[in-house]
Structure formats: C-alpha cells, structure tokens
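Heads up, the thing below is written out as structure tokens.
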Amino acid sequence: MRTAIAEQIQYRAANYFYMLGMVAEPVIYLVVWSTIARSSGGAVNGITAGQFASYYIVWTLVRNMNVVFGAPFWEFRIREGNFSGQLLRPMHPIHYDIAYFAGWKFVVVAMWLPLAVGLSAVFHPDLHPSALEICVFIVAIWGAYLLRTAVQETIGMLNFWTTRGAAVFDLYMAVELLLSGRMVPLKLMPGWVQTLANFLPFKWTFGFPIESLVGDMSTRSLLLGLGAQALWIAGMFTVFRFAFRYAVRHFSAVGG
Amino acid sequence: MNALRVGWLYLRMGILNELQYRVNFFVQLLQSLIQVGTGLVMLSLVYSHTNELHGWKESELLALIGVQILLGGVIHTFIQPNMERLLEDVQQGTLDYALTKPEDSQVLVSVRQVRIWQVVEMISGLVLVIVGLTRVGSSIGVLDALAFTGALAVGAVLVYCFWLIVTTGAFWVVRMEHVLELFEGIYQTGRWPVGVYPGWLKYSVTFLVPVAFAVTVPAEALTSRLHLGTFLVSVCFAFALFAFTRWFWRFGLRHYSGASA
C-alpha cells in the first residue's frame, strides 16, 4: 500500500488529467439536470438544482473511490503473461490488488479536495449531513470499493476462457451506469427500475453511498444499507473464490 | 499530392491488416449497440421530465447525439489510433523510425494506423441522425445537407488538430497516457447542445477543446438553426488551428532529441 502511495504521488500531473476527464461526466449530468430543474419551476421529482449539485459533487468522490483493479486488467495480465509470476507469490493475487488501489485512494482523496472546493464554488451544492450520515458515508465508500472490486475481479475471471472479455465488461458497465445511480439519482427512474435496483449489487456501489450523505435517509435505512453492502461483499467474494479456483485450473500460461 | 498518395497507401494497408480480425466486428457491433442504448435511455429519461432542453426537442437532440457518435466513430477510426501510437513511440523511443523516412513527418504520424471496425460506430451514429431527422419532420434542403457535411469535416479537422497539439506536448512531458481519458470525458459534453453549459464551460469546450464546433455546429446545420456567421467562424478557426498545429509540430520536433533507439 505504501509503495502505491509513493508511486502515485510522483505522477501528480497524470493523476490530475485522469481526474479532470472523470469529472467531465458528472458535470455534464449535473448541468443537464439543473437546467431541467430550473426550467420546470425549481425541482425535478422534488430534487432541486442545489441537491443535484451536492449529489454529483459527492458522486465525484464516490467515483474515485470506485476505481478498482478491474476486469480489463485481467485481460492484460493474462495476455502479457505477467500472471504466472504472480501465481508463484505466496499470497493470493487479490490481496495485492486490493492493497494497491486502497493505497492509491489516499492520494486520490487528497487531490480530490481542491476539485470539490472548485465545483462547490461553481454549482452551490445544498448539503447538510448529520454526524451519523458522515460516519455511514465513510464506511459506505470503502464498502463500495470492496464490492466493486469483488464484482469486477469476478468478471475478470472470464478472461481465462475468452480473449474478448472486453465485450462482457462493456455490457456490465452499461448496466451499472443505468442501475447504480451513476447516471441519474435512482429517484428519477421509473418505479420498477428502482425496485430492480434494490435487488442488484450496483446500487450499493454508487447510489447508496451518495444518498447516505446527500439524501435524508432514516437511521434504519442507513444501517440496512450497510448491511446489504456487507452481504453483497461477502457473497461476491465467495463467488470470486470459486471462479478463481476453476480459472487457475484452466490456466496455461502465455509466456512468462 | 504525395502526402495524399502516402496516406491512401497506409490506409489500405491498415484496412487489410484489420480485416484479418473478423470477430472484432461483432465485438464492435455489441459495443455500439450498448453505446446507442444508454444514449437513448438517458434521452428518454430527460424528456420524461421536460419537453424542451434549451430549445431542443427530443428528436432534434436525437440527431445531435447521432452526430456526436458519428464523429466519435471518425475519431476512433482514424485519429485516435495514430495519436496513441505516437504517444507510445515517444515514450519508447521508437519514433525515430518514422522520422528518418523521406516523407513529411506530420503526414506519416497521422496516417499510420486505422481501426476500421470502428466504422460500425460511424454507421450507428448515422442511423441515429437519420431517425432523428425523420422524426423532426421538416425536410432538409440540399444546402442544409451540404452545410452539415462541411461542418462535420471542419469538426474532424479541429479534433485532429487538438489531438496532435496535445500529443506533441509529449515531447516535453513524456507521460501523457491519461490524456485519452481526459479527451473521452470532455468529448461527452458534445452529447448536449453547447448552450446548456454555463459560460466558462461553454467557452472551454468551444475554443480550448473544440467539441462544440465539432458536434453542435453540424447538428445545428441539420436542424436548420445554423447561422452563416457561425459556419464561417468555424471554418476560419479550423484553418488557423491547422496552421498553428503544423507550426507547433515542427517546433516540438526541433526540441525532440530522441530517446535512443
């Protein structure tokens, strides 16, 4: 983890490029929705422009926390033959993945702060979190990180059987975009989509952490949310363990 | 003239090379379908809460999204692969192989790669444009169509110039790979008419990163809301930026000392 921190601090400029590109996405959604909110009398489905601003600014932090060692890296790992070397290490490769990106997060959050200040100055967010909400939020973003890692590493296992994992990954990204609250707050979706989202893992990586800070959630639903996250994390890592065991059996190295 | 001949030759070679990998066509098709699908969902969500976004109706905005995807296809087919290769060459020191060839270096680095399967993206964009336009209902004249083609070509030139300027920056900075994400992110602003953005952002995506010229202007031509003045400004801007790019590329080359090879 410490090596990751040191490594990423060296490449501040590269990291900022990356973050600026990433910030473009929520800024677009934010501008579009606050335009609509203003033109339809101040609010869409009860969400005001200021609330949209706070939603999407918190979004940027959650998004940064959600960058994980994803499925495409597995494709790279297997194709380039790096994986054989990692298999020889005494620990399961996933430990390395989780720790590396967890270390990076500290750099990312430090770099995110000025960005958030800038965005707040421009868009005037409307945000009044309580102490409990802040605590839940801090736990929830790490939960989101672990959950997204588990989901993506599991998808990454597909790369052991096909060299076209990218197509599956794109499909996953599209579903996540729609059902996680990444594109729009789930409140704006039709009712059946919201129900569906409750039973899928995606919401717990974007919508829930954001809403825990931004929305007015009851203590009960906050804690239930954390519980759902924990369940999904445990479930997905179990699936991953099985998938990994089969995958490694299937694996015959490329180079090395 | 020679430049065109070389470009054509490289293009043919690139296409033949890519045609070997046929499965990529289906992968690309799936990816385009996903892209169009999410675009449509977002569009219908927005218009389920409003009738008009800054004066653009749903069908007009559909055409705009079509233009954005179409131009995105052009970028991904012809421009971006070359720029990625150039970045890599600068990092690895293999650019010298291109520089020592007896042909204009800017032409060479701009035509070496082509990802022909991304043409699928261009086609899906075009389909959206056509669907959007038939829904608008008002017939578009020959003049509108010509203006659209012209504006789209200008847009492609502008994006090319922007990319090459940024990539030339690699002569000094070397590590630039995240520039790709930066551009992809900013290019998404083209999904919406540039008018919706607040002033500072509007000007940056018009002049700093010419997305507005590249996408909104052609779409305006299609929906008959383009002023002649805007069109002329974009043509002049394209010429000026192209000249600057040419100068900047040479300037960069003079500073470039190679990294062993």
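Ordering of the structure tokens sets the chain letters (A, B, ...); residue numbers start at 1 within each chain; ligands are numbered from 1 in the order shown.
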Fill in: All residues 7 Å or closer to Trp232 (chain A), only C-alpha atoms, same chain fewer than 3 positions away omitted, as number ranges by chain
A: 147, 201, 228-229, 235-236
Written selection (N, CA and C atoms) as a PDB file, in the first residue's frame:
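Result went into result_0.pdb, see below:
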ATOM      1  N   LEU A 147     -16.850  -3.885  -2.730  1.00  0.00           N
ATOM      2  CA  LEU A 147     -17.876  -4.568  -3.510  1.00  0.00           C
ATOM      3  C   LEU A 147     -17.560  -4.490  -4.997  1.00  0.00           C
ATOM      4  N   PRO A 201     -26.455  -5.697  -7.159  1.00  0.00           N
ATOM      5  CA  PRO A 201     -25.339  -5.133  -6.387  1.00  0.00           C
ATOM      6  C   PRO A 201     -24.993  -3.687  -6.757  1.00  0.00           C
ATOM      7  N   ALA A 228     -26.708  -4.486   3.650  1.00  0.00           N
ATOM      8  CA  ALA A 228     -26.824  -5.013   2.294  1.00  0.00           C
ATOM      9  C   ALA A 228     -25.462  -5.017   1.609  1.00  0.00           C
ATOM     10  N   GLN A 229     -24.725  -3.932   1.817  1.00  0.00           N
ATOM     11  CA  GLN A 229     -23.369  -3.872   1.248  1.00  0.00           C
ATOM     12  C   GLN A 229     -22.536  -5.048   1.738  1.00  0.00           C
ATOM     13  N   GLY A 235     -20.926 -12.194  -0.398  1.00  0.00           N
ATOM     14  CA  GLY A 235     -21.405 -13.062  -1.468  1.00  0.00           C
ATOM     15  C   GLY A 235     -20.500 -13.046  -2.681  1.00  0.00           C
ATOM     16  N   MET A 236     -20.135 -11.837  -3.116  1.00  0.00           N
ATOM     17  CA  MET A 236     -19.339 -11.736  -4.347  1.00  0.00           C
ATOM     18  C   MET A 236     -17.942 -12.312  -4.159  1.00  0.00           C
TER      19      MET A 236
END
Discussion item. Residues of chain A within 6 Å of chain B, counting only C-alpha atoms, what are they? List them as a ChimeraX atom specification.
Written reply: /A:17-18,21,24,167
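Atom to atom, CA of Phe239 (chain B) and CA of Leu143 (chain B) stand 22.1 Å apart.
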Practice prompt. Write out as JSON, numbers by chain each polymer residue whose atoms come within 12 Å of Ala234 (chain A), counting only C-alpha atoms; drop sequence neighbours fewer than 3 positions from it.
Written response: {"A": [143, 146, 147, 148, 149, 150, 151, 201, 227, 228, 229, 230, 231, 237, 238, 239, 240, 241]}
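In this structure, CA of Ser54 (chain A) sits 27.5 Å away from CA of Gln152 (chain A).
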Item to complete: Can you list, as a ChimeraX atom specification, all residues belonging to region 23-225 of chain A that DSSP tags as helix (DSSP H, G or I)?
Response: /A:23-39,49-65,71-80,83-88,93-123,131-160,165-179,186-188,191-198,202-204,207-214,219-225
Item to complete: Identify, on the basis of only C-alpha atoms, every residue whose closest approach to Gly72 (chain B) does not exceed 10 Å; exclude the query and any residue fewer than 6 positions from it along the same chain; express the result as a ChimeraX atom specification.
Response: /B:66,79-80,118-119,121-122,125,156,159,184,187-188,190,215
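If you count only C-alpha atoms and ignore residues fewer than 3 places along the chain from Phe251 (chain A), what sits within 8 Å of it is Phe160, Ala247 and Val248 of chain A.
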Go ahead and write the residues just picked, C-alpha atoms, as a short mmCIF file (atom, residue, chain, number, x, y, z; two decimals), in the first residue's frame.
data_model
loop_
_atom_site.label_atom_id
_atom_site.label_comp_id
_atom_site.auth_asym_id
_atom_site.auth_seq_id
_atom_site.Cartn_x
_atom_site.Cartn_y
_atom_site.Cartn_z
CA PHE A 160 -9.38 -17.09 -18.57
CA ALA A 247 -9.92 -20.38 -13.59
CA VAL A 248 -6.46 -21.23 -12.32
#
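Contact shell of Leu158 (chain B) at 8 Å (only C-alpha atoms; same-chain neighbours under 4 positions omitted): B:Val154, B:Phe162, B:Pro210, B:Phe213, B:Ala214, B:Ala238, B:Leu241, B:Phe242.
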Next, the residues of the selection above should be written as a PDB file, in the first residue's frame with N, CA and C atoms.
ATOM      1  N   VAL B 154     -15.061  20.068 -41.012  1.00  0.00           N
ATOM      2  CA  VAL B 154     -14.365  21.061 -40.208  1.00  0.00           C
ATOM      3  C   VAL B 154     -14.165  20.529 -38.783  1.00  0.00           C
ATOM      4  N   PHE B 162      -6.504  19.427 -32.374  1.00  0.00           N
ATOM      5  CA  PHE B 162      -6.431  19.409 -30.914  1.00  0.00           C
ATOM      6  C   PHE B 162      -5.608  18.222 -30.442  1.00  0.00           C
ATOM      7  N   PRO B 210     -12.191  21.797 -28.998  1.00  0.00           N
ATOM      8  CA  PRO B 210     -13.239  22.265 -29.925  1.00  0.00           C
ATOM      9  C   PRO B 210     -14.403  21.304 -30.108  1.00  0.00           C
ATOM     10  N   PHE B 213     -17.661  23.176 -31.678  1.00  0.00           N
ATOM     11  CA  PHE B 213     -17.559  23.368 -33.125  1.00  0.00           C
ATOM     12  C   PHE B 213     -17.741  22.050 -33.855  1.00  0.00           C
ATOM     13  N   ALA B 214     -17.197  20.995 -33.245  1.00  0.00           N
ATOM     14  CA  ALA B 214     -17.171  19.721 -33.947  1.00  0.00           C
ATOM     15  C   ALA B 214     -18.530  19.033 -33.949  1.00  0.00           C
ATOM     16  N   ALA B 238     -10.783  26.638 -37.997  1.00  0.00           N
ATOM     17  CA  ALA B 238     -10.127  25.395 -38.406  1.00  0.00           C
ATOM     18  C   ALA B 238      -8.828  25.683 -39.143  1.00  0.00           C
ATOM     19  N   LEU B 241      -6.235  27.012 -36.662  1.00  0.00           N
ATOM     20  CA  LEU B 241      -5.752  25.971 -35.755  1.00  0.00           C
ATOM     21  C   LEU B 241      -4.856  24.984 -36.503  1.00  0.00           C
ATOM     22  N   PHE B 242      -5.204  24.714 -37.753  1.00  0.00           N
ATOM     23  CA  PHE B 242      -4.381  23.784 -38.530  1.00  0.00           C
ATOM     24  C   PHE B 242      -2.985  24.361 -38.744  1.00  0.00           C
TER      25      PHE B 242
END
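Using only C-alpha atoms, the smallest distance between any of A:Leu196, A:Ile98, A:Ala49, A:Ala110 and Ser180 (chain A) comes from A:Leu196.
One finds CA of Thr168 (chain B) at 28.8 Å from CA of Trp104 (chain A).
Closest approach to Leu11 (chain B) among B:Phe231, B:Phe78, B:Phe25, B:Phe248 is made by B:Phe78 (distances from only C-alpha atoms).
Distances from B:Gly55, B:Gly229, B:Pro102, B:Ala153 to Thr35 (chain A) were compared using only C-alpha atoms, and the smallest one belongs to B:Gly55.
Closest approach to Asp97 (chain A) from the set A:Ile138, A:Leu186, A:Met1, A:Leu119 is made by A:Met1, with distances taken over only C-alpha atoms.
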